[in-house]
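Q: What follows is final-v8.txt; its format and atoms are compact mmCIF, N, CA and C atoms.
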# COMPACT_ATOMS: atom_id res chain seq x y z
N MET V 1 -0.23 3.74 -99.23
CA MET V 1 0.32 3.73 -100.58
C MET V 1 1.84 3.81 -100.51
N ARG V 2 2.45 3.27 -101.55
CA ARG V 2 3.92 3.26 -101.64
C ARG V 2 4.35 3.81 -102.99
N PHE V 3 5.31 4.74 -102.94
CA PHE V 3 5.86 5.34 -104.16
C PHE V 3 7.35 5.06 -104.22
N LEU V 4 7.86 4.96 -105.43
CA LEU V 4 9.29 4.86 -105.68
C LEU V 4 9.72 6.09 -106.47
N LEU V 5 10.73 6.78 -105.98
CA LEU V 5 11.35 7.90 -106.69
C LEU V 5 12.64 7.39 -107.31
N VAL V 6 12.74 7.48 -108.63
CA VAL V 6 13.91 7.01 -109.36
C VAL V 6 14.61 8.22 -109.99
N ASN V 7 15.89 8.36 -109.70
CA ASN V 7 16.71 9.42 -110.28
C ASN V 7 17.85 8.80 -111.06
N GLY V 8 18.03 9.27 -112.28
CA GLY V 8 19.03 8.71 -113.17
C GLY V 8 20.38 9.39 -113.10
N PRO V 9 21.15 9.26 -114.18
CA PRO V 9 22.55 9.66 -114.20
C PRO V 9 22.77 11.15 -113.96
N ASN V 10 23.82 11.41 -113.22
CA ASN V 10 24.32 12.74 -112.91
C ASN V 10 23.45 13.54 -111.95
N LEU V 11 22.32 13.00 -111.56
CA LEU V 11 21.48 13.73 -110.60
C LEU V 11 22.10 13.74 -109.21
N ASN V 12 23.02 12.83 -108.96
CA ASN V 12 23.78 12.87 -107.71
C ASN V 12 24.67 14.11 -107.64
N LEU V 13 24.87 14.79 -108.76
CA LEU V 13 25.70 16.00 -108.81
C LEU V 13 24.89 17.28 -108.65
N LEU V 14 23.58 17.16 -108.42
CA LEU V 14 22.76 18.36 -108.25
C LEU V 14 23.33 19.22 -107.13
N GLY V 15 23.28 20.51 -107.34
CA GLY V 15 23.86 21.46 -106.40
C GLY V 15 25.24 21.90 -106.85
N HIS V 16 25.89 21.08 -107.68
CA HIS V 16 27.22 21.39 -108.21
C HIS V 16 27.19 21.50 -109.73
N ARG V 17 26.42 20.66 -110.36
CA ARG V 17 26.40 20.55 -111.82
C ARG V 17 25.52 21.64 -112.43
N GLU V 18 26.09 22.46 -113.25
CA GLU V 18 25.37 23.48 -114.01
C GLU V 18 24.24 24.13 -113.21
N PRO V 19 24.57 24.83 -112.12
CA PRO V 19 23.52 25.42 -111.28
C PRO V 19 22.65 26.43 -112.02
N GLU V 20 23.17 27.01 -113.10
CA GLU V 20 22.36 27.95 -113.89
C GLU V 20 21.20 27.24 -114.58
N ILE V 21 21.31 25.94 -114.76
CA ILE V 21 20.23 25.14 -115.38
C ILE V 21 19.46 24.38 -114.31
N TYR V 22 20.18 23.70 -113.41
CA TYR V 22 19.57 22.76 -112.48
C TYR V 22 19.39 23.30 -111.05
N GLY V 23 19.88 24.50 -110.80
CA GLY V 23 19.75 25.08 -109.47
C GLY V 23 20.86 24.63 -108.54
N SER V 24 20.78 25.06 -107.29
CA SER V 24 21.85 24.80 -106.33
C SER V 24 21.42 23.83 -105.23
N THR V 25 20.25 23.21 -105.38
CA THR V 25 19.74 22.29 -104.38
C THR V 25 20.26 20.88 -104.64
N SER V 26 20.70 20.21 -103.60
CA SER V 26 21.24 18.86 -103.75
C SER V 26 20.11 17.84 -103.89
N LEU V 27 20.46 16.70 -104.47
CA LEU V 27 19.49 15.60 -104.58
C LEU V 27 19.09 15.12 -103.20
N GLN V 28 20.04 15.08 -102.28
CA GLN V 28 19.73 14.65 -100.91
C GLN V 28 18.66 15.55 -100.29
N PHE V 29 18.75 16.85 -100.50
CA PHE V 29 17.74 17.76 -99.97
C PHE V 29 16.39 17.52 -100.65
N ILE V 30 16.41 17.37 -101.97
CA ILE V 30 15.16 17.12 -102.71
C ILE V 30 14.48 15.86 -102.19
N GLU V 31 15.25 14.79 -102.03
CA GLU V 31 14.69 13.53 -101.54
C GLU V 31 14.14 13.67 -100.12
N SER V 32 14.87 14.35 -99.27
CA SER V 32 14.43 14.56 -97.89
C SER V 32 13.16 15.39 -97.82
N ASP V 33 13.11 16.45 -98.61
CA ASP V 33 11.93 17.32 -98.65
C ASP V 33 10.71 16.54 -99.16
N LEU V 34 10.90 15.76 -100.22
CA LEU V 34 9.79 14.98 -100.76
C LEU V 34 9.36 13.90 -99.78
N GLN V 35 10.31 13.34 -99.05
CA GLN V 35 10.01 12.34 -98.03
C GLN V 35 9.07 12.93 -96.98
N GLU V 36 9.34 14.15 -96.53
CA GLU V 36 8.48 14.82 -95.56
C GLU V 36 7.08 15.03 -96.11
N LYS V 37 6.99 15.44 -97.35
CA LYS V 37 5.69 15.67 -97.98
C LYS V 37 4.92 14.34 -98.10
N ALA V 38 5.63 13.29 -98.45
CA ALA V 38 5.01 11.97 -98.58
C ALA V 38 4.49 11.50 -97.22
N GLU V 39 5.30 11.62 -96.19
CA GLU V 39 4.89 11.20 -94.86
C GLU V 39 3.65 11.96 -94.40
N ALA V 40 3.58 13.24 -94.72
CA ALA V 40 2.42 14.05 -94.34
C ALA V 40 1.14 13.54 -95.01
N GLU V 41 1.29 12.88 -96.14
CA GLU V 41 0.14 12.33 -96.88
C GLU V 41 -0.07 10.85 -96.57
N GLY V 42 0.75 10.29 -95.70
CA GLY V 42 0.65 8.87 -95.38
C GLY V 42 1.21 7.96 -96.45
N ILE V 43 2.11 8.48 -97.25
CA ILE V 43 2.71 7.73 -98.35
C ILE V 43 4.11 7.28 -97.94
N HIS V 44 4.41 6.01 -98.16
CA HIS V 44 5.77 5.51 -97.97
C HIS V 44 6.53 5.79 -99.26
N LEU V 45 7.61 6.56 -99.17
CA LEU V 45 8.41 6.92 -100.34
C LEU V 45 9.81 6.35 -100.21
N GLU V 46 10.22 5.61 -101.22
CA GLU V 46 11.60 5.11 -101.28
C GLU V 46 12.28 5.80 -102.45
N SER V 47 13.51 6.24 -102.24
CA SER V 47 14.28 6.92 -103.28
C SER V 47 15.44 6.04 -103.74
N PHE V 48 15.72 6.12 -105.04
CA PHE V 48 16.81 5.35 -105.63
C PHE V 48 17.46 6.19 -106.72
N GLN V 49 18.79 6.27 -106.70
CA GLN V 49 19.52 6.97 -107.75
C GLN V 49 20.64 6.07 -108.24
N SER V 50 20.85 6.07 -109.54
CA SER V 50 21.99 5.37 -110.11
C SER V 50 22.41 6.04 -111.41
N ASN V 51 23.69 5.94 -111.69
CA ASN V 51 24.22 6.41 -112.96
C ASN V 51 24.24 5.30 -114.00
N PHE V 52 23.80 4.10 -113.60
CA PHE V 52 23.85 2.93 -114.46
C PHE V 52 22.46 2.53 -114.92
N GLU V 53 22.28 2.47 -116.21
CA GLU V 53 20.99 2.14 -116.80
C GLU V 53 20.45 0.81 -116.31
N GLY V 54 21.28 -0.21 -116.26
CA GLY V 54 20.84 -1.53 -115.81
C GLY V 54 20.36 -1.53 -114.37
N ALA V 55 21.01 -0.76 -113.52
CA ALA V 55 20.59 -0.68 -112.12
C ALA V 55 19.21 -0.03 -112.02
N LEU V 56 18.95 0.97 -112.86
CA LEU V 56 17.63 1.61 -112.87
C LEU V 56 16.56 0.62 -113.35
N VAL V 57 16.87 -0.12 -114.40
CA VAL V 57 15.95 -1.14 -114.91
C VAL V 57 15.68 -2.18 -113.83
N ASP V 58 16.74 -2.67 -113.18
CA ASP V 58 16.56 -3.66 -112.12
C ASP V 58 15.69 -3.14 -110.99
N ARG V 59 15.88 -1.89 -110.59
CA ARG V 59 15.10 -1.33 -109.48
C ARG V 59 13.63 -1.21 -109.86
N ILE V 60 13.36 -0.86 -111.09
CA ILE V 60 11.97 -0.80 -111.55
C ILE V 60 11.36 -2.20 -111.53
N HIS V 61 12.10 -3.19 -112.00
CA HIS V 61 11.62 -4.58 -111.96
C HIS V 61 11.31 -5.01 -110.53
N GLN V 62 12.19 -4.66 -109.61
CA GLN V 62 12.02 -5.05 -108.20
C GLN V 62 10.80 -4.39 -107.56
N SER V 63 10.30 -3.33 -108.15
CA SER V 63 9.15 -2.61 -107.56
C SER V 63 7.80 -3.24 -107.93
N ILE V 64 7.80 -4.18 -108.86
CA ILE V 64 6.54 -4.80 -109.28
C ILE V 64 5.87 -5.47 -108.08
N GLY V 65 4.62 -5.12 -107.88
CA GLY V 65 3.86 -5.67 -106.77
C GLY V 65 4.19 -5.06 -105.42
N LYS V 66 5.11 -4.09 -105.40
CA LYS V 66 5.54 -3.50 -104.14
C LYS V 66 5.25 -2.01 -104.03
N VAL V 67 5.07 -1.33 -105.17
CA VAL V 67 4.75 0.10 -105.14
C VAL V 67 3.52 0.37 -105.98
N ASP V 68 2.87 1.46 -105.63
CA ASP V 68 1.65 1.86 -106.35
C ASP V 68 1.93 2.84 -107.47
N GLY V 69 3.06 3.54 -107.37
CA GLY V 69 3.39 4.53 -108.38
C GLY V 69 4.87 4.85 -108.37
N ILE V 70 5.35 5.34 -109.52
CA ILE V 70 6.76 5.69 -109.67
C ILE V 70 6.88 7.13 -110.15
N LEU V 71 7.80 7.85 -109.52
CA LEU V 71 8.22 9.17 -109.98
C LEU V 71 9.60 8.98 -110.58
N ILE V 72 9.81 9.42 -111.81
CA ILE V 72 11.12 9.17 -112.43
C ILE V 72 11.67 10.40 -113.12
N ASN V 73 12.88 10.77 -112.70
CA ASN V 73 13.70 11.74 -113.42
C ASN V 73 14.85 10.91 -113.98
N ALA V 74 14.71 10.48 -115.20
CA ALA V 74 15.69 9.59 -115.81
C ALA V 74 16.90 10.34 -116.36
N GLY V 75 16.93 11.66 -116.19
CA GLY V 75 18.05 12.44 -116.70
C GLY V 75 18.23 12.17 -118.18
N ALA V 76 19.46 12.06 -118.61
CA ALA V 76 19.77 11.87 -120.03
C ALA V 76 19.16 10.59 -120.60
N TYR V 77 18.92 9.59 -119.75
CA TYR V 77 18.32 8.34 -120.26
C TYR V 77 16.90 8.56 -120.78
N THR V 78 16.28 9.66 -120.41
CA THR V 78 14.97 10.00 -120.95
C THR V 78 15.00 10.00 -122.47
N HIS V 79 16.11 10.47 -123.02
CA HIS V 79 16.23 10.71 -124.45
C HIS V 79 16.92 9.59 -125.20
N THR V 80 17.34 8.56 -124.46
CA THR V 80 18.13 7.50 -125.11
C THR V 80 17.71 6.08 -124.77
N SER V 81 16.98 5.89 -123.67
CA SER V 81 16.83 4.53 -123.15
C SER V 81 15.49 3.87 -123.47
N ILE V 82 15.53 3.01 -124.44
CA ILE V 82 14.38 2.17 -124.73
C ILE V 82 14.25 1.12 -123.63
N ALA V 83 15.37 0.73 -123.03
CA ALA V 83 15.35 -0.25 -121.94
C ALA V 83 14.55 0.28 -120.74
N LEU V 84 14.74 1.54 -120.38
CA LEU V 84 13.96 2.12 -119.28
C LEU V 84 12.49 2.21 -119.65
N ARG V 85 12.22 2.61 -120.86
CA ARG V 85 10.83 2.67 -121.34
C ARG V 85 10.17 1.30 -121.21
N ASP V 86 10.85 0.28 -121.70
CA ASP V 86 10.30 -1.07 -121.66
C ASP V 86 10.13 -1.56 -120.23
N ALA V 87 11.07 -1.22 -119.34
CA ALA V 87 10.96 -1.63 -117.93
C ALA V 87 9.74 -0.98 -117.29
N LEU V 88 9.54 0.30 -117.54
CA LEU V 88 8.39 1.00 -116.96
C LEU V 88 7.08 0.44 -117.49
N LEU V 89 7.00 0.24 -118.78
CA LEU V 89 5.77 -0.30 -119.37
C LEU V 89 5.56 -1.75 -118.93
N GLY V 90 6.64 -2.52 -118.87
CA GLY V 90 6.54 -3.91 -118.45
C GLY V 90 6.11 -4.06 -117.00
N ALA V 91 6.53 -3.13 -116.16
CA ALA V 91 6.16 -3.18 -114.74
C ALA V 91 4.68 -2.92 -114.55
N GLY V 92 4.09 -2.15 -115.45
CA GLY V 92 2.66 -1.87 -115.36
C GLY V 92 2.29 -0.99 -114.17
N ILE V 93 3.23 -0.21 -113.68
CA ILE V 93 2.99 0.67 -112.54
C ILE V 93 2.83 2.10 -113.07
N PRO V 94 1.78 2.81 -112.68
CA PRO V 94 1.64 4.19 -113.14
C PRO V 94 2.87 5.03 -112.76
N TYR V 95 3.32 5.85 -113.69
CA TYR V 95 4.49 6.67 -113.41
C TYR V 95 4.35 8.07 -113.99
N VAL V 96 5.08 8.99 -113.36
CA VAL V 96 5.17 10.37 -113.82
C VAL V 96 6.63 10.65 -114.15
N GLU V 97 6.86 11.15 -115.35
CA GLU V 97 8.19 11.59 -115.76
C GLU V 97 8.37 13.02 -115.29
N LEU V 98 9.54 13.33 -114.75
CA LEU V 98 9.76 14.70 -114.30
C LEU V 98 11.17 15.17 -114.62
N HIS V 99 11.30 16.48 -114.76
CA HIS V 99 12.58 17.12 -115.05
C HIS V 99 12.64 18.47 -114.35
N LEU V 100 13.83 18.83 -113.90
CA LEU V 100 14.03 20.13 -113.29
C LEU V 100 13.93 21.24 -114.33
N SER V 101 14.56 21.04 -115.47
CA SER V 101 14.55 22.06 -116.52
C SER V 101 13.45 21.76 -117.54
N ASN V 102 13.13 22.76 -118.33
CA ASN V 102 12.17 22.59 -119.41
C ASN V 102 12.92 22.00 -120.60
N THR V 103 12.82 20.70 -120.77
CA THR V 103 13.58 20.03 -121.81
C THR V 103 13.21 20.51 -123.21
N GLN V 104 12.00 21.00 -123.38
CA GLN V 104 11.56 21.49 -124.69
C GLN V 104 12.21 22.83 -125.06
N ALA V 105 12.74 23.52 -124.08
CA ALA V 105 13.39 24.82 -124.31
C ALA V 105 14.91 24.67 -124.40
N ARG V 106 15.38 23.44 -124.44
CA ARG V 106 16.82 23.20 -124.46
C ARG V 106 17.25 22.62 -125.81
N GLU V 107 18.37 21.94 -125.83
CA GLU V 107 18.91 21.39 -127.07
C GLU V 107 17.90 20.46 -127.72
N GLN V 108 17.96 20.40 -129.04
CA GLN V 108 17.02 19.59 -129.82
C GLN V 108 16.99 18.13 -129.36
N PHE V 109 18.14 17.56 -129.04
CA PHE V 109 18.18 16.15 -128.66
C PHE V 109 17.42 15.87 -127.36
N ARG V 110 17.15 16.92 -126.56
CA ARG V 110 16.39 16.74 -125.32
C ARG V 110 14.88 16.83 -125.55
N HIS V 111 14.44 17.12 -126.75
CA HIS V 111 13.01 17.24 -127.04
C HIS V 111 12.33 15.89 -127.14
N GLN V 112 13.08 14.83 -127.41
CA GLN V 112 12.54 13.47 -127.55
C GLN V 112 12.57 12.76 -126.20
N SER V 113 11.45 12.22 -125.77
CA SER V 113 11.40 11.40 -124.57
C SER V 113 10.87 10.02 -124.94
N PHE V 114 11.63 9.01 -124.57
CA PHE V 114 11.16 7.64 -124.78
C PHE V 114 10.19 7.21 -123.68
N LEU V 115 10.09 8.01 -122.60
CA LEU V 115 9.26 7.63 -121.46
C LEU V 115 7.88 8.28 -121.47
N ALA V 116 7.76 9.43 -122.08
CA ALA V 116 6.55 10.26 -121.95
C ALA V 116 5.27 9.57 -122.41
N ALA V 117 5.32 8.83 -123.49
CA ALA V 117 4.09 8.24 -124.05
C ALA V 117 3.41 7.27 -123.09
N GLY V 118 4.17 6.63 -122.23
CA GLY V 118 3.59 5.68 -121.28
C GLY V 118 3.28 6.27 -119.92
N ALA V 119 3.70 7.51 -119.71
CA ALA V 119 3.51 8.17 -118.41
C ALA V 119 2.09 8.68 -118.25
N ILE V 120 1.64 8.78 -117.00
CA ILE V 120 0.34 9.40 -116.76
C ILE V 120 0.46 10.91 -116.87
N GLY V 121 1.69 11.42 -116.79
CA GLY V 121 1.94 12.84 -116.95
C GLY V 121 3.42 13.13 -116.97
N VAL V 122 3.76 14.35 -117.42
CA VAL V 122 5.13 14.81 -117.47
C VAL V 122 5.17 16.19 -116.83
N VAL V 123 6.10 16.38 -115.90
CA VAL V 123 6.30 17.67 -115.25
C VAL V 123 7.71 18.12 -115.58
N SER V 124 7.85 19.32 -116.12
CA SER V 124 9.14 19.77 -116.61
C SER V 124 9.26 21.28 -116.46
N GLY V 125 10.42 21.72 -115.99
CA GLY V 125 10.71 23.15 -116.02
C GLY V 125 10.46 23.93 -114.76
N PHE V 126 10.09 23.29 -113.68
CA PHE V 126 9.76 24.00 -112.45
C PHE V 126 10.84 23.86 -111.38
N GLY V 127 12.05 23.51 -111.79
CA GLY V 127 13.14 23.35 -110.84
C GLY V 127 12.80 22.28 -109.82
N VAL V 128 13.23 22.50 -108.57
CA VAL V 128 12.98 21.49 -107.54
C VAL V 128 11.49 21.28 -107.30
N ASN V 129 10.67 22.26 -107.63
CA ASN V 129 9.22 22.11 -107.47
C ASN V 129 8.64 21.05 -108.40
N SER V 130 9.38 20.69 -109.45
CA SER V 130 8.91 19.62 -110.34
C SER V 130 8.68 18.32 -109.58
N TYR V 131 9.50 18.07 -108.56
CA TYR V 131 9.34 16.85 -107.77
C TYR V 131 8.02 16.85 -107.00
N GLU V 132 7.71 17.94 -106.34
CA GLU V 132 6.44 17.98 -105.60
C GLU V 132 5.25 17.97 -106.55
N LEU V 133 5.34 18.70 -107.66
CA LEU V 133 4.24 18.70 -108.63
C LEU V 133 3.99 17.30 -109.18
N ALA V 134 5.06 16.58 -109.49
CA ALA V 134 4.92 15.21 -109.98
C ALA V 134 4.32 14.32 -108.90
N PHE V 135 4.78 14.48 -107.67
CA PHE V 135 4.25 13.71 -106.54
C PHE V 135 2.75 13.96 -106.38
N ARG V 136 2.35 15.23 -106.39
CA ARG V 136 0.93 15.58 -106.22
C ARG V 136 0.10 15.03 -107.38
N GLY V 137 0.63 15.09 -108.59
CA GLY V 137 -0.08 14.55 -109.75
C GLY V 137 -0.28 13.05 -109.65
N LEU V 138 0.76 12.34 -109.25
CA LEU V 138 0.66 10.89 -109.10
C LEU V 138 -0.31 10.52 -108.00
N LEU V 139 -0.22 11.20 -106.88
CA LEU V 139 -1.13 10.93 -105.76
C LEU V 139 -2.58 11.19 -106.15
N THR V 140 -2.83 12.31 -106.80
CA THR V 140 -4.20 12.64 -107.23
C THR V 140 -4.73 11.59 -108.20
N TYR V 141 -3.90 11.17 -109.14
CA TYR V 141 -4.29 10.15 -110.10
C TYR V 141 -4.66 8.84 -109.39
N LEU V 142 -3.82 8.41 -108.47
CA LEU V 142 -4.06 7.13 -107.79
C LEU V 142 -5.27 7.20 -106.86
N LEU V 143 -5.47 8.32 -106.20
CA LEU V 143 -6.65 8.47 -105.34
C LEU V 143 -7.94 8.45 -106.17
N ALA V 144 -7.91 9.12 -107.31
CA ALA V 144 -9.09 9.12 -108.20
C ALA V 144 -9.34 7.72 -108.73
N LYS V 145 -8.28 7.00 -109.04
CA LYS V 145 -8.42 5.62 -109.54
C LYS V 145 -9.04 4.73 -108.47
N GLN V 146 -8.64 4.92 -107.20
CA GLN V 146 -9.20 4.14 -106.09
C GLN V 146 -10.70 4.40 -105.94
N MET V 147 -11.09 5.63 -106.15
CA MET V 147 -12.49 6.01 -105.97
C MET V 147 -13.40 5.36 -107.03
N THR V 148 -12.81 5.04 -108.20
CA THR V 148 -13.62 4.44 -109.25
C THR V 148 -13.70 2.92 -109.14
N LEU V 149 -12.91 2.35 -108.22
CA LEU V 149 -12.92 0.88 -108.07
C LEU V 149 -14.09 0.42 -107.23
Can I see the file as structure tokens?

A:
Amino acid sequence: MRFLLVNGPNLNLLGHREPEIYGSTSLQFIESDLQEKAEAEGIHLESFQSNFEGALVDRIHQSIGKVDGILINAGAYTHTSIALRDALLGAGIPYVELHLSNTQAREQFRHQSFLAAGAIGVVSGFGVNSYELAFRGLLTYLLAKQMTL
């Protein structure tokens, strides 16, 4: 199986940006840690981060027919990007939306997600563990789907 991990704007600043909200762990560490977990499960994981909405859309388009599932922390684009929503739905690839912080416990504008309705699940509020929880959820979903085929 092949997974794509997509990280949106400002996530490259993890470890420096608002550590009281996002923690002190870098994105590089999160990606490396998840890579190890994926390899242990026999999953090929590719990671992609961009601060540019179009680059994220393009990367999702490029994954069609090449990945079995997507993990996405779209950052602020979660609450603003219909283009990302349409790219994910158009790709037809199962995806899990994830966030380090509990977006429902934060500012009102973060309560709206344009991605959640099309996701197989949403993981939010568990800090860096949100990545592994989302990975495990996606893997479990895809394995169960294989068993029904």

Q: In Å, rounded to a single decimal, give me how far CA of Phe126 (chain V) is from atom C of Arg110 (chain V).

A: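 So the two atoms, atom C of Arg110 (chain V) and CA of Phe126 (chain V), lie 15.8 Å apart.
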
Q: Between V:Gly92, V:Gly127, V:Gly42, V:Gly54, which one has atoms that come closest to Ser26 (chain V), using only C-alpha atoms?

A: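 Closest candidate: V:Gly127.
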
Q: Which polymer residues have any atom within 12 Å of an atom of region 27-31 of chain V, counting only C-alpha atoms, with same-chain residues fewer than 2 positions away left out, as a PyMOL selection string?

A: chain V and resi 4-17+22-25+33-38+45-50+71+73+100+127-132+135

Q: When distances are computed from only N, CA and C atoms, which of V:Ser32, V:Gln62, V:Thr80, V:Ser124 shows the smallest separation from Asn102 (chain V)?

A: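 Smallest separation from Asn102 (chain V) among the options: V:Ser124.
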
Q: Calculated over only C-alpha atoms, which of the candidates V:Leu138, V:Ala117, V:Leu56, V:Ile43 has the smallest distance to Ile70 (chain V)?

A: V:Leu138

Q: Would you please extract all helix (DSSP H, G or I) residues from chain V, as assigned by DSSP on the backbone, and give them as a ChimeraX atom specification?

A: /V:11-13,19-22,27-40,53-62,75-79,82-91,103-105,108-110,116-118,129-148

Q: Just the strand (DSSP E) stuff from region 21-116 of chain V, please, per backbone DSSP, written as a PyMOL selection string.

A: chain V and resi 44-49+69-73+95-99

Q: Put those residues in a file: N, CA and C atoms, as an mmCIF file, in the coordinates of the input.

A:
data_model
loop_
_atom_site.group_PDB
_atom_site.id
_atom_site.type_symbol
_atom_site.label_atom_id
_atom_site.label_comp_id
_atom_site.auth_asym_id
_atom_site.auth_seq_id
_atom_site.Cartn_x
_atom_site.Cartn_y
_atom_site.Cartn_z
ATOM 1 N N HIS V 44 4.410 6.010 -98.160
ATOM 2 C CA HIS V 44 5.770 5.510 -97.970
ATOM 3 C C HIS V 44 6.530 5.790 -99.260
ATOM 4 N N LEU V 45 7.610 6.560 -99.170
ATOM 5 C CA LEU V 45 8.410 6.920 -100.340
ATOM 6 C C LEU V 45 9.810 6.350 -100.210
ATOM 7 N N GLU V 46 10.220 5.610 -101.220
ATOM 8 C CA GLU V 46 11.600 5.110 -101.280
ATOM 9 C C GLU V 46 12.280 5.800 -102.450
ATOM 10 N N SER V 47 13.510 6.240 -102.240
ATOM 11 C CA SER V 47 14.280 6.920 -103.280
ATOM 12 C C SER V 47 15.440 6.040 -103.740
ATOM 13 N N PHE V 48 15.720 6.120 -105.040
ATOM 14 C CA PHE V 48 16.810 5.350 -105.630
ATOM 15 C C PHE V 48 17.460 6.190 -106.720
ATOM 16 N N GLN V 49 18.790 6.270 -106.700
ATOM 17 C CA GLN V 49 19.520 6.970 -107.750
ATOM 18 C C GLN V 49 20.640 6.070 -108.240
ATOM 19 N N GLY V 69 3.060 3.540 -107.370
ATOM 20 C CA GLY V 69 3.390 4.530 -108.380
ATOM 21 C C GLY V 69 4.870 4.850 -108.370
ATOM 22 N N ILE V 70 5.350 5.340 -109.520
ATOM 23 C CA ILE V 70 6.760 5.690 -109.670
ATOM 24 C C ILE V 70 6.880 7.130 -110.150
ATOM 25 N N LEU V 71 7.800 7.850 -109.520
ATOM 26 C CA LEU V 71 8.220 9.170 -109.980
ATOM 27 C C LEU V 71 9.600 8.980 -110.580
ATOM 28 N N ILE V 72 9.810 9.420 -111.810
ATOM 29 C CA ILE V 72 11.120 9.170 -112.430
ATOM 30 C C ILE V 72 11.670 10.400 -113.120
ATOM 31 N N ASN V 73 12.880 10.770 -112.700
ATOM 32 C CA ASN V 73 13.700 11.740 -113.420
ATOM 33 C C ASN V 73 14.850 10.910 -113.980
ATOM 34 N N TYR V 95 3.320 5.850 -113.690
ATOM 35 C CA TYR V 95 4.490 6.670 -113.410
ATOM 36 C C TYR V 95 4.350 8.070 -113.990
ATOM 37 N N VAL V 96 5.080 8.990 -113.360
ATOM 38 C CA VAL V 96 5.170 10.370 -113.820
ATOM 39 C C VAL V 96 6.630 10.650 -114.150
ATOM 40 N N GLU V 97 6.860 11.150 -115.350
ATOM 41 C CA GLU V 97 8.190 11.590 -115.760
ATOM 42 C C GLU V 97 8.370 13.020 -115.290
ATOM 43 N N LEU V 98 9.540 13.330 -114.750
ATOM 44 C CA LEU V 98 9.760 14.700 -114.300
ATOM 45 C C LEU V 98 11.170 15.170 -114.620
ATOM 46 N N HIS V 99 11.300 16.480 -114.760
ATOM 47 C CA HIS V 99 12.580 17.120 -115.050
ATOM 48 C C HIS V 99 12.640 18.470 -114.350
#

Q: CA of Asp86 (chain V) and CA of Val67 (chain V) are how many Å apart?

A: 17.5 Å

Q: Nearest to Ile64 (chain V) among V:Ile93, V:Ile21, V:Ala40, V:Ile82, with distances taken over all atoms listed in the file: which residue is it?

A: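 When distances to Ile64 (chain V) are compared using all atoms listed in the file, the smallest one comes from V:Ile93.
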
Q: Here is a test: counting all atoms listed in the file, which residue of V:Lys145, V:His111, V:His99, V:Arg85 is nearest to Gly125 (chain V)?

A: V:His99

Q: Please compute the atom N of Ala76 (chain V)-CA of Ala134 (chain V) distance, one decimal, in Å.

A: 17.2 Å

Q: Considering all atoms listed in the file, state which residue in the set V:Phe114, V:Val123, V:Leu133, V:Glu39 is at the smallest distance from Leu98 (chain V).

A: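 Selected residue with least distance to Leu98 (chain V): V:Val123.
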